[in-house]
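S.K.: Input: one structure, supplied below.
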Amino acid sequence: MTPTSRSAALAEHARFVFQGTVKNVKATTLKSVPASDRTIVVRVDRVIQSPEALSDYAGHDVTVRLAQGERVQSGQALIFYTNGWVFGESLAVQSIGHEQATPSNVAAMSAHPEDPVRNLHAAEAMAQASRADLIVTGRVSSVRIPVGEARVRARAMATGRTTERISEHAPMWQEAVIDVDETHKGRGRPKQVVVRFPSSTDVRWYQAPKFHAGQEGVFLLHKRQVPAAAVKTASLAALRPAEYTALHPGDFQPLEQLPQIRLAAASAARRRATPGVRKAAPRPRLKSRRTGKRGR
Amino acid sequence: MARRRGSTLAGGQVLVVNMIPRSLSRETNQDSEPSITVNPARPLEIVGSAFTGDPMGGAFAPIYISSDGGNTWRLNSIVPSTAGSALGTGDISLAFGSTGHRLYGGILRDPTFNFETLRVAAAGGTTPMQTLGSRPDNDQPFTHAISKSGRDRVYIGNNDFQAEPRTATIDVSANARTANPVFKSIRVETRSTVGQDGPQIRPVAHRDGTVYAAYYGWRAESGSFPGNTLIVTTDVVVVRDDTGGMSGATPFRDLVDPSDGQPGRLVARNIRIPFNRNGSPATGQQRLGGTLSVAVDRRANQSGTVYLAWGDQPPQSMLTIHVRRSTDKGVTWSPSDLFTAANATNAALAINNAGVVGLLYQQLTGAGASRRWVTHFRRTSDGANWDDLVLSTAPANVPAKTFDPYLGDYDHLVAVGNDFYGIFSANNTPDQANFPNGVVYQRNADFVTQRLLALDGTTPVPPSIDPFFFKVKG
């Protein structure tokens, strides 16, 4: 695996990626995390990819729990690929691997060098693009209540009693009609696509994109995005498997993300078209390779 | 720089702690709908929960855990979820067994929202909670556990849509410590419903084997849930089982209403509650859907004393909390309210080892832009005289909600020994006037400028909804 592809494989599984300097081995920054052979204290020099809440860790010490077999030495400057572990008076993260903090490695990881949150969002958009069944650019021409759901609501209003269950977690499905400019992934070249989305602001659904007429951008659409077993619970009018949904916050992207989304979609298509290659390719190695003396 | 202020616990004083740890000083999540449990065998170990996702979007949602009696908190991500989830988990409620240190829970798991029953041997460890069972079509699991003779009896109230039209259900395990514990789903509703019951099914158990549960039996409805105008006509029902919820094939039928001979005492009949789709400015951004809590006197030979709090909507109140008491195992109830709070929700009751009753609730005061959410903790030893601690008072329009529920469809109160431990969600603006009985912040905050601060101690962070722990010495 080339260094770049290895970085990409690690980054795909890591939420918090940073460049840091190893200050102490067998050390910790939290009372609740005892020091061990696998805990080290690292000064964060630069946050490369991060959720918003942790984007300001540059200049702070964190505890890193090394993966099994991972070795580092004090003074090394490294890129750590990590996920969360303990959030207390300080931060402890679980490493899934590290690399030398060379300029080329750092540059390869930073599509948006000054914005680690944007880097993470970009990575999430890429993941959503590879999972999507249909990717189109276009414009929402109208938003409506699905026919089945409208019927249920009308009956409820007329009789003063709904025959459907009442749950605060109900999605309140709506449909957005999208006039398609271009199809970037998926079969056919539809001129219009209908996508269901939950209008509910309940905790279960609030992060799903809420479409409105005139909205323009990249739509990443999915079938069977709601697990089959959950459809009945979720619906006033049942969701059919063939219907497109957009439930992940990354399922709508601004147009400027299109080039990267195209790349991700093309990459996913190549993987599907050449299964032999996929079989032959080594599985991303998530345990760290040892840096040994070369890292000194 | 951050200023922190707190009161001591001497002489029945209260400790209030913002539970967001310093390492998450930048967070702005709406951490609503909290629950709490204290390990009775090790009371310094306390676990809380809320709508808090893993800060890094990991495959497990966090619990809040304290190992020092609630003074400091950290997040430990051990609740099953899904990778990349910003939500973490849907509804969650946790409970320690009274011995043995095991933590149990019921959740609606992201992304399926299946009802899952959970267990872990060590809440502070790295081992994730084990899923003991999973099924779809459910709502609002609410967990209670009690240990007896080396066994953990676990009761999880839940609204099981698979049991339509009588959905009020309690999942019971006679010994959840075993490797593969069996949970039996007990349908506690026996009367006709409008098609379902309300989501609140609240169990509570006494060591002598007496178990109560309260629920809203939905009888009729008008208006529209999608239109946010739904009004439900409901009974408030209390059921009881005298053998730990294990009375043969039909448990929870030991309390019968004299009016119809059916199991389940109708403590309040044909009351109306709003069941909101969304909160609105008029409701302080909080959606309303009733509130329900039940507590039993845990002292020996006192299992016949039970307190019940419920909400309804009389004229001129968005929701009114009523508290009543039974001293004969739920057969008869005080003819009028022992306590009433208008424009209030999120009632939570507990009774300590001295028989003192604690009541936590959140009340909307004022009008228009002056509306405030005021969180009260009251105590009574006789049901007639209630003291009052205001734990938090903060503007109801700040911050703007990011989802429903704004504060949560419930908060939570428990008692261990003579002490009360509670949790509520509230506006986290660091203003001393908002916390009349003091508060301790772990996250960076400046009480002079009344601003939250990021990790660097200087960058302002906008206010959000945080979980607050409190402890009142008995």
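Following the order of the structure tokens, first chain is A, next is B, and so on, with residues numbered from 1 inside each chain and ligands from 1 in the order they appear.
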Residues near Thr82 of chain B, anyone? I mean within 12 Å using only C-alpha atoms, not counting same-chain ones fewer than 2 positions away, as an mmCIF file with C-alpha atoms, in the first residue's frame.
M.R.:
```
data_model
loop_
_atom_site.group_PDB
_atom_site.id
_atom_site.type_symbol
_atom_site.label_atom_id
_atom_site.label_comp_id
_atom_site.auth_asym_id
_atom_site.auth_seq_id
_atom_site.Cartn_x
_atom_site.Cartn_y
_atom_site.Cartn_z
ATOM 1 C CA GLY B 53 -23.576 11.737 21.084
ATOM 2 C CA ASP B 54 -20.031 10.491 21.154
ATOM 3 C CA MET B 56 -16.103 12.063 17.916
ATOM 4 C CA GLY B 57 -19.004 10.236 16.338
ATOM 5 C CA GLY B 58 -17.784 6.822 17.408
ATOM 6 C CA ALA B 59 -19.721 3.578 17.313
ATOM 7 C CA PHE B 60 -20.805 3.884 20.956
ATOM 8 C CA ALA B 61 -22.742 6.619 22.695
ATOM 9 C CA SER B 77 -18.689 5.726 25.362
ATOM 10 C CA ILE B 78 -20.077 2.243 26.043
ATOM 11 C CA VAL B 79 -23.692 2.430 24.824
ATOM 12 C CA PRO B 80 -24.310 0.582 21.541
ATOM 13 C CA GLY B 84 -20.570 8.193 12.669
ATOM 14 C CA SER B 85 -23.692 8.793 14.722
ATOM 15 C CA ALA B 86 -23.981 12.370 15.878
ATOM 16 C CA LEU B 87 -27.092 11.444 17.832
ATOM 17 C CA GLY B 88 -25.470 8.708 19.893
ATOM 18 C CA THR B 89 -28.658 7.134 21.099
ATOM 19 C CA GLY B 90 -32.374 7.715 21.193
ATOM 20 C CA ARG B 109 -30.770 2.407 19.539
ATOM 21 C CA ASP B 110 -29.526 4.570 16.720
ATOM 22 C CA PRO B 111 -30.245 4.172 13.820
ATOM 23 C CA THR B 112 -33.003 1.530 14.024
ATOM 24 C CA PHE B 113 -34.594 2.934 17.189
#
```
S.K.: Write out as a PyMOL selection string every residue belonging to chain B that has an atom at most 6 Å from any atom of chain A, counting only C-alpha atoms.
M.R.: chain B and resi 21-23+26-27+56+74-76+112+137+221-222+403-404
S.K.: Please list as number ranges by chain every residue within 10 Å of Leu263 of chain A, counting only C-alpha atoms and excluding residues in the same chain fewer than 3 positions away.
M.R.: A: 126, 129-130, 184, 258-260, 266-269
S.K.: Take the residues that were just selected and, keeping N, CA and C atoms, output them as a PDB file, in the first residue's frame.
M.R.:
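See selection-v9.pdb below for the written result:
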```pdb
ATOM      1  N   MET A 126     -17.660  12.194   1.287  1.00  0.00           N
ATOM      2  CA  MET A 126     -17.100  11.171   0.400  1.00  0.00           C
ATOM      3  C   MET A 126     -17.686   9.800   0.746  1.00  0.00           C
ATOM      4  N   ALA A 129     -21.148   9.619  -0.452  1.00  0.00           N
ATOM      5  CA  ALA A 129     -21.185   9.505  -1.917  1.00  0.00           C
ATOM      6  C   ALA A 129     -20.942   8.068  -2.352  1.00  0.00           C
ATOM      7  N   SER A 130     -20.033   7.403  -1.677  1.00  0.00           N
ATOM      8  CA  SER A 130     -19.740   6.022  -2.076  1.00  0.00           C
ATOM      9  C   SER A 130     -20.901   5.096  -1.724  1.00  0.00           C
ATOM     10  N   HIS A 184     -24.785  11.993 -11.575  1.00  0.00           N
ATOM     11  CA  HIS A 184     -23.366  11.705 -11.384  1.00  0.00           C
ATOM     12  C   HIS A 184     -23.112  10.277 -10.919  1.00  0.00           C
ATOM     13  N   LEU A 258     -19.009  19.296  -5.455  1.00  0.00           N
ATOM     14  CA  LEU A 258     -19.260  18.350  -6.544  1.00  0.00           C
ATOM     15  C   LEU A 258     -18.000  17.647  -7.066  1.00  0.00           C
ATOM     16  N   PRO A 259     -16.893  18.362  -7.287  1.00  0.00           N
ATOM     17  CA  PRO A 259     -15.723  17.649  -7.825  1.00  0.00           C
ATOM     18  C   PRO A 259     -15.274  16.491  -6.937  1.00  0.00           C
ATOM     19  N   GLN A 260     -15.246  16.715  -5.635  1.00  0.00           N
ATOM     20  CA  GLN A 260     -14.805  15.636  -4.733  1.00  0.00           C
ATOM     21  C   GLN A 260     -15.835  14.511  -4.679  1.00  0.00           C
ATOM     22  N   ALA A 266     -16.858   7.949  -8.550  1.00  0.00           N
ATOM     23  CA  ALA A 266     -16.102   7.223  -9.574  1.00  0.00           C
ATOM     24  C   ALA A 266     -15.254   6.129  -8.944  1.00  0.00           C
ATOM     25  N   SER A 267     -14.683   6.448  -7.803  1.00  0.00           N
ATOM     26  CA  SER A 267     -13.858   5.469  -7.108  1.00  0.00           C
ATOM     27  C   SER A 267     -14.690   4.268  -6.672  1.00  0.00           C
ATOM     28  N   ALA A 268     -15.893   4.556  -6.154  1.00  0.00           N
ATOM     29  CA  ALA A 268     -16.781   3.462  -5.739  1.00  0.00           C
ATOM     30  C   ALA A 268     -17.190   2.627  -6.937  1.00  0.00           C
ATOM     31  N   ALA A 269     -17.437   3.306  -8.066  1.00  0.00           N
ATOM     32  CA  ALA A 269     -17.841   2.581  -9.284  1.00  0.00           C
ATOM     33  C   ALA A 269     -16.712   1.679  -9.764  1.00  0.00           C
TER      34      ALA A 269
END
```
S.K.: Select, from B:Val16, B:Ala454, B:Val416, B:Ala354, the residue with the minimum atom-to-atom distance to Phe96 of chain B, counting only C-alpha atoms.
M.R.: B:Val416
S.K.: Select from segment 45-241 of chain A everything DSSP, run on the backbone, classes as alpha helix (DSSP H), then give the selection as JSON, numbers by chain.
M.R.: {"A": [103, 104, 105, 106, 107, 108, 109, 116, 117, 118, 119, 120, 121, 122, 123, 124, 125, 126, 127, 128, 129, 130, 131, 147, 148, 149, 150, 151, 152, 153, 154, 155, 156, 157, 158, 159, 228, 229, 230, 231, 232, 233, 234]}
S.K.: Generate a file of the selected residues that holds N, CA and C atoms, formatted as a compact mmCIF listing (two decimals), in the first residue's frame.
M.R.:
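Final output, part-v5.txt:
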```
# COMPACT_ATOMS: atom_id res chain seq x y z
N PRO A 103 6.10 16.74 5.56
CA PRO A 103 5.27 17.75 4.88
C PRO A 103 4.31 17.12 3.87
N SER A 104 4.78 16.09 3.16
CA SER A 104 3.90 15.50 2.15
C SER A 104 2.74 14.74 2.80
N ASN A 105 3.02 14.04 3.91
CA ASN A 105 1.94 13.33 4.61
C ASN A 105 0.91 14.31 5.16
N VAL A 106 1.41 15.41 5.74
CA VAL A 106 0.49 16.41 6.31
C VAL A 106 -0.34 17.03 5.19
N ALA A 107 0.31 17.36 4.10
CA ALA A 107 -0.41 17.99 2.99
C ALA A 107 -1.45 17.05 2.41
N ALA A 108 -1.11 15.76 2.35
CA ALA A 108 -2.05 14.79 1.77
C ALA A 108 -3.32 14.68 2.60
N MET A 109 -3.20 14.96 3.88
CA MET A 109 -4.35 14.82 4.77
C MET A 109 -5.20 16.08 4.87
N PRO A 116 -10.04 21.94 10.13
CA PRO A 116 -10.15 20.50 10.40
C PRO A 116 -11.58 19.99 10.38
N VAL A 117 -12.53 20.88 10.72
CA VAL A 117 -13.93 20.46 10.72
C VAL A 117 -14.40 20.23 9.28
N ARG A 118 -13.98 21.12 8.40
CA ARG A 118 -14.34 20.98 6.99
C ARG A 118 -13.71 19.71 6.42
N ASN A 119 -12.51 19.41 6.85
CA ASN A 119 -11.88 18.18 6.39
C ASN A 119 -12.71 16.96 6.78
N LEU A 120 -13.22 16.98 8.01
CA LEU A 120 -14.04 15.84 8.45
C LEU A 120 -15.33 15.78 7.66
N HIS A 121 -15.97 16.95 7.47
CA HIS A 121 -17.22 16.96 6.70
C HIS A 121 -16.98 16.47 5.28
N ALA A 122 -15.85 16.86 4.73
CA ALA A 122 -15.53 16.41 3.36
C ALA A 122 -15.37 14.89 3.34
N ALA A 123 -14.70 14.36 4.36
CA ALA A 123 -14.53 12.91 4.43
C ALA A 123 -15.88 12.20 4.56
N GLU A 124 -16.77 12.80 5.38
CA GLU A 124 -18.10 12.21 5.54
C GLU A 124 -18.89 12.26 4.24
N ALA A 125 -18.75 13.38 3.52
CA ALA A 125 -19.46 13.50 2.24
C ALA A 125 -18.96 12.44 1.26
N MET A 126 -17.66 12.19 1.29
CA MET A 126 -17.10 11.17 0.40
C MET A 126 -17.69 9.80 0.75
N ALA A 127 -17.78 9.53 2.05
CA ALA A 127 -18.33 8.24 2.47
C ALA A 127 -19.78 8.12 2.04
N GLN A 128 -20.55 9.20 2.20
CA GLN A 128 -21.95 9.16 1.79
C GLN A 128 -22.06 8.98 0.28
N ALA A 129 -21.15 9.62 -0.45
CA ALA A 129 -21.19 9.50 -1.92
C ALA A 129 -20.94 8.07 -2.35
N SER A 130 -20.03 7.40 -1.68
CA SER A 130 -19.74 6.02 -2.08
C SER A 130 -20.90 5.10 -1.72
N ARG A 131 -21.70 5.48 -0.73
CA ARG A 131 -22.84 4.64 -0.33
C ARG A 131 -24.11 4.94 -1.14
N VAL A 147 -48.81 11.06 -0.79
CA VAL A 147 -50.25 10.80 -0.96
C VAL A 147 -50.79 9.95 0.19
N GLY A 148 -50.11 8.88 0.52
CA GLY A 148 -50.59 7.99 1.57
C GLY A 148 -50.70 8.70 2.90
N GLU A 149 -49.73 9.50 3.21
CA GLU A 149 -49.73 10.19 4.50
C GLU A 149 -50.83 11.27 4.51
N ALA A 150 -51.02 11.94 3.39
CA ALA A 150 -52.08 12.95 3.31
C ALA A 150 -53.44 12.31 3.58
N ARG A 151 -53.62 11.09 3.04
CA ARG A 151 -54.89 10.39 3.24
C ARG A 151 -55.10 10.07 4.73
N VAL A 152 -54.02 9.61 5.36
CA VAL A 152 -54.11 9.27 6.78
C VAL A 152 -54.45 10.51 7.60
N ARG A 153 -53.81 11.61 7.27
CA ARG A 153 -54.06 12.83 8.03
C ARG A 153 -55.49 13.33 7.82
N ALA A 154 -55.97 13.25 6.59
CA ALA A 154 -57.32 13.71 6.30
C ALA A 154 -58.34 12.87 7.07
N ARG A 155 -58.09 11.57 7.13
CA ARG A 155 -59.01 10.69 7.85
C ARG A 155 -59.01 11.03 9.33
N ALA A 156 -57.82 11.29 9.85
CA ALA A 156 -57.71 11.63 11.27
C ALA A 156 -58.45 12.92 11.57
N MET A 157 -58.30 13.91 10.69
CA MET A 157 -58.96 15.19 10.93
C MET A 157 -60.48 15.03 10.84
N ALA A 158 -60.94 14.17 9.92
CA ALA A 158 -62.37 14.02 9.70
C ALA A 158 -63.04 13.27 10.85
N THR A 159 -62.33 12.28 11.37
CA THR A 159 -62.96 11.42 12.39
C THR A 159 -62.61 11.84 13.80
N ALA A 228 -35.29 -1.95 7.42
CA ALA A 228 -36.63 -2.48 7.16
C ALA A 228 -37.44 -2.64 8.44
N ALA A 229 -36.79 -3.11 9.49
CA ALA A 229 -37.51 -3.36 10.73
C ALA A 229 -38.01 -2.06 11.36
N ALA A 230 -37.38 -0.96 11.00
CA ALA A 230 -37.74 0.31 11.63
C ALA A 230 -38.78 1.08 10.83
N VAL A 231 -39.08 0.60 9.63
CA VAL A 231 -39.97 1.37 8.76
C VAL A 231 -41.33 1.54 9.38
N LYS A 232 -41.88 0.47 9.95
CA LYS A 232 -43.23 0.55 10.48
C LYS A 232 -43.29 1.54 11.64
N THR A 233 -42.32 1.46 12.51
CA THR A 233 -42.29 2.37 13.63
C THR A 233 -42.19 3.81 13.16
N ALA A 234 -41.39 3.99 12.12
CA ALA A 234 -41.04 5.34 11.73
C ALA A 234 -42.13 6.03 10.94
```
S.K.: Within 9 Å of Leu407 of chain B, counting only C-alpha atoms, which residues qualify if same-chain residues fewer than 6 places away don't, as JSON, numbers by chain?
M.R.: {"B": [30, 31, 32, 33, 34, 285, 286, 287, 346, 424, 425, 426, 427, 465]}
S.K.: Of the residues A:Val193, A:Ile96, A:Leu66, A:Ile178, which is the one nearest to Val25 of chain A, using only C-alpha atoms?
M.R.: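 Nearest to Val25 of chain A: A:Leu66.
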S.K.: I'd like the contact shell of segment 194-197 of chain A - 7 Å cut-off, only C-alpha atoms, skipping same-chain residues fewer than 4 positions apart - returned as a list in words.
M.R.: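 The neighbour list is Trp173, Gln174, Glu175, Ala176, Val177, Ile178, Lys210, Glu243, Tyr244, Thr245, Ala246 and Leu247 of chain A.
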S.K.: Just how far from atom CA of Gly290 of chain B is atom CA of Asn276 of chain B, in Å to one decimal?
M.R.: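 These two atoms are separated by 9.5 Å.
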S.K.: Find the residues near Thr393 of chain B: any atom within 6 Å, counting only C-alpha atoms, skip ones fewer than 3 places away on the same chain, and give them as a list of chain:residue names.
M.R.: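 My list of contacting residues is B:Trp373, B:Val374, B:Asn434.
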S.K.: If you count only C-alpha atoms, which residues fall within 7 Å of segment 139-155 of chain B, apart from same-chain ones fewer than 2 positions away, as a PyMOL selection string?
M.R.: chain B and resi 91-99+105-107+157-160+170-177+199-200+202-205
S.K.: Please produce an output containing C-alpha atoms for each residue in the selection, written as a compact mmCIF listing (two decimals), in the first residue's frame.
M.R.:
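And here's out_18.txt as it stands now:
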```txt
# COMPACT_ATOMS: atom_id res chain seq x y z
CA ASP B 91 -34.27 7.51 24.47
CA ILE B 92 -32.07 6.12 27.23
CA SER B 93 -32.61 5.24 30.88
CA LEU B 94 -30.10 3.46 33.12
CA ALA B 95 -30.19 1.82 36.55
CA PHE B 96 -27.72 0.09 38.84
CA GLY B 97 -28.74 -3.02 40.71
CA SER B 98 -28.69 -2.31 44.44
CA THR B 99 -25.83 -4.77 44.90
CA GLY B 105 -30.41 0.08 30.66
CA GLY B 106 -33.06 0.44 28.06
CA ILE B 107 -32.45 2.45 24.92
CA GLY B 157 -41.38 0.28 31.38
CA ASN B 158 -41.94 0.76 27.66
CA ASN B 159 -44.63 1.62 25.16
CA ASP B 160 -44.72 -1.45 22.95
CA ILE B 170 -43.15 -3.67 31.50
CA ASP B 171 -40.24 -5.92 30.58
CA VAL B 172 -39.28 -7.86 33.68
CA SER B 173 -36.29 -10.04 34.41
CA ALA B 174 -36.28 -12.04 37.63
CA ASN B 175 -32.51 -12.31 37.55
CA ALA B 176 -30.73 -10.15 35.02
CA ARG B 177 -27.33 -11.20 36.39
CA PRO B 199 -45.26 6.63 26.26
CA GLN B 200 -44.65 7.02 30.00
CA ARG B 202 -42.90 4.07 35.13
CA PRO B 203 -42.08 1.08 37.35
CA VAL B 204 -40.75 1.18 40.92
CA ALA B 205 -40.04 -1.73 43.27
```
S.K.: Restricting the calculation to only C-alpha atoms, which member of A:Pro34, A:Gly69, A:Gly250, A:Gly138 is positioned closest to Pro190 of chain A?
M.R.: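 Of A:Pro34, A:Gly69, A:Gly250, A:Gly138, the one nearest Pro190 of chain A, counting only C-alpha atoms, is A:Gly138.
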S.K.: Find the residue from B:Thr117, B:Asn397, B:Gln13, B:Thr402 that sits nearest to Leu364 of chain B; use only C-alpha atoms when measuring.
M.R.: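 Among the listed residues, B:Asn397 lies closest to Leu364 of chain B.
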S.K.: Please, which residues of segment 1-238 of chain B, numbered as in this document, come out strand (DSSP E) from DSSP, as a ChimeraX atom specification?
M.R.: /B:14-18,35-38,46-49,60-66,74-80,92-96,103-109,114-120,130-135,138-148,151-160,168-173,184-187,201-205,211-222,231-238
